[in-house]
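Novice: Sharing a structure here in structure tokens format.
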Amino acid sequence: MLKKAKVTAKDVARLAGVSQSTVSRAFSPNPNVSKETLLKVYKAAEELDYRPNAIARSMVTNKTKLIGMIIHDMYNPFYPEVLDKFSKSLGMHGYHILFVNSESEHIRDEEVYQLLDYHVEAVIVTDAFLSSGLAEKFRKVDIPVIFFNRYEEMSSSSVVCCNNVHGGRLAASYLLERGLTRLAFIEGSPNTSTSMDREKGFREVLAEHGLDLLKVTGHFTFEGGFRAAMELFRLKQPPEAIFCANDIMALGAINAARVMGLKVPDDVSIMGFDDIAMADWPIYRLTTIKQPVDEMVRETVELIVRNNAQAASRPEFHMISGQLVERESVIPLRR
């Protein structure tokens, strides 16, 4: 059986009665052709079942329309949600994601080389550490790096992040308003900006009221939150409320409370941070600080579009405040 000949842009141009370069422009993200010409090209392409060759186009334009995205903890439901939002938002601008699931918190050389080999136009780093040496490899080839939902001290990369200090302050004020003064904090991974800033804001408000804070580590995981909460519940004087550095640890803490025979929120109040979809499940109804993910994704994509439309500019730092989401895991305000 003879193999069907591959339809080319030249075939479409011949049928539409236009030049081959016009066909190429018609299938670019911002086609600079008249509406009438555009319709003729699309009609011809549909008739011939033509699909533009993205690889060939990238060789001509020197633009791959690929954005690298590095995520370490895909077990945390927050990041699959983030990945989905980026995929849709970048897709609206004609970009595609080259996803790297980093094997450890520290991004490895081979993971960076994978992105360099595919000539990505920008790199989004979420919950992994990018060493200064690896960051320099991107800078040498003018590939901008954007830290999403975190930042690194002394980094020369752009940052789009939730205002975590503000979120921590919101959580502390909310619990104190309800007369809860024996408070604990379950941190994520030590030395990460997200966890440290959420703790900082929380501690600031407690210090203003002359209160101390218990702290244990949960490593941003459900199991870690469970174990940390069990440790707190076994104290001679367990906390009245627990603020967790993310939602998935808070869900683990709620399960730990149930194992110990404690009622949430009657016996202990529990708060999280992120507002993942599971936080609203009937078995949890978690009160949390909602990250402004839609705004953060939009700002990140706009940064990428701006960088690709003009010469590389200086790094930008965008801090966006989240908001409190009240559900049923914290005791109501006492009248």
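Ordering of the structure tokens sets the chain letters (A, B, ...); residue numbers start at 1 within each chain; ligands are numbered from 1 in the order shown.
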Using only C-alpha atoms, determine which residues lie at most 8 Å from stretch 248-264 of chain A, disregarding the query and same-chain residues fewer than 5 positions distant; provide the list as a list of chain:residue names.

Specialist: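 These residues fall inside the cut-off: A:Asn76, A:Pro77, A:Ile186, A:Gly218, A:Phe220, A:Thr221, A:Phe222, A:Glu223, A:Gly224, A:Gly225, A:Phe226, A:Arg227, A:Ala228, A:Ala229, A:Met230, A:Phe233, A:Phe243, A:Ser269, A:Ile270, A:Met271, A:Gly272, A:Ala279, A:Tyr284, A:Leu286, A:Ser329, A:Val330.
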
Novice: Find the spatial neighbours of A:Ala45, counting only C-alpha atoms, within a cut-off of 9 Å - ignore same-chain residues fewer than 2 positions away - and output them as an NGL selection string.

Specialist: :A and (9 or 11-13 or 15-16 or 40-43 or 47-51)

Novice: Could you write out the selected residues, including C-alpha atoms, as a short mmCIF file (atom, residue, chain, number, x, y, z; two decimals), in the first residue's frame?

Specialist:
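Output (result08.cif):
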data_model
loop_
_atom_site.label_atom_id
_atom_site.label_comp_id
_atom_site.auth_asym_id
_atom_site.auth_seq_id
_atom_site.Cartn_x
_atom_site.Cartn_y
_atom_site.Cartn_z
CA ALA A 9 2.68 24.57 3.28
CA ASP A 11 0.40 22.68 -1.22
CA VAL A 12 -1.82 24.89 0.95
CA ALA A 13 -0.41 28.04 -0.67
CA LEU A 15 -4.74 25.77 -3.30
CA ALA A 16 -5.38 29.06 -1.46
CA LYS A 40 -8.75 31.21 2.46
CA VAL A 41 -5.65 29.65 4.04
CA TYR A 42 -7.62 27.91 6.79
CA LYS A 43 -10.16 26.58 4.31
CA GLU A 47 -9.50 20.59 2.82
CA LEU A 48 -5.98 19.15 2.60
CA ASP A 49 -5.87 18.07 6.28
CA TYR A 50 -2.71 20.15 6.76
CA ARG A 51 -0.99 20.61 10.12
#

Novice: Give me, as a ChimeraX atom specification, the residues of stretch 36-277 of chain A that a backbone DSSP run labels helix (DSSP H, G or I).

Specialist: /A:36-48,54-61,78-91,109-117,132-140,164-177,193-208,222-233,247-259,277

Novice: Grab the atom CA of A:Arg25 to atom CA of A:Asp84 distance for me, in Å with one decimal place.

Specialist: 28.7 Å

Novice: What is the distance between atom CA of A:Thr288 and atom CA of A:Thr192, in Å to one decimal?

Specialist: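 Computed distance, atom CA of A:Thr288 to atom CA of A:Thr192, equals 19.7 Å.
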
Novice: Which neighbours of A:Ser89 fall inside 8 Å, counting only C-alpha atoms, when residues of the same chain fewer than 3 positions from it are skipped, and could you give them as a count of residues only?

Specialist: 7
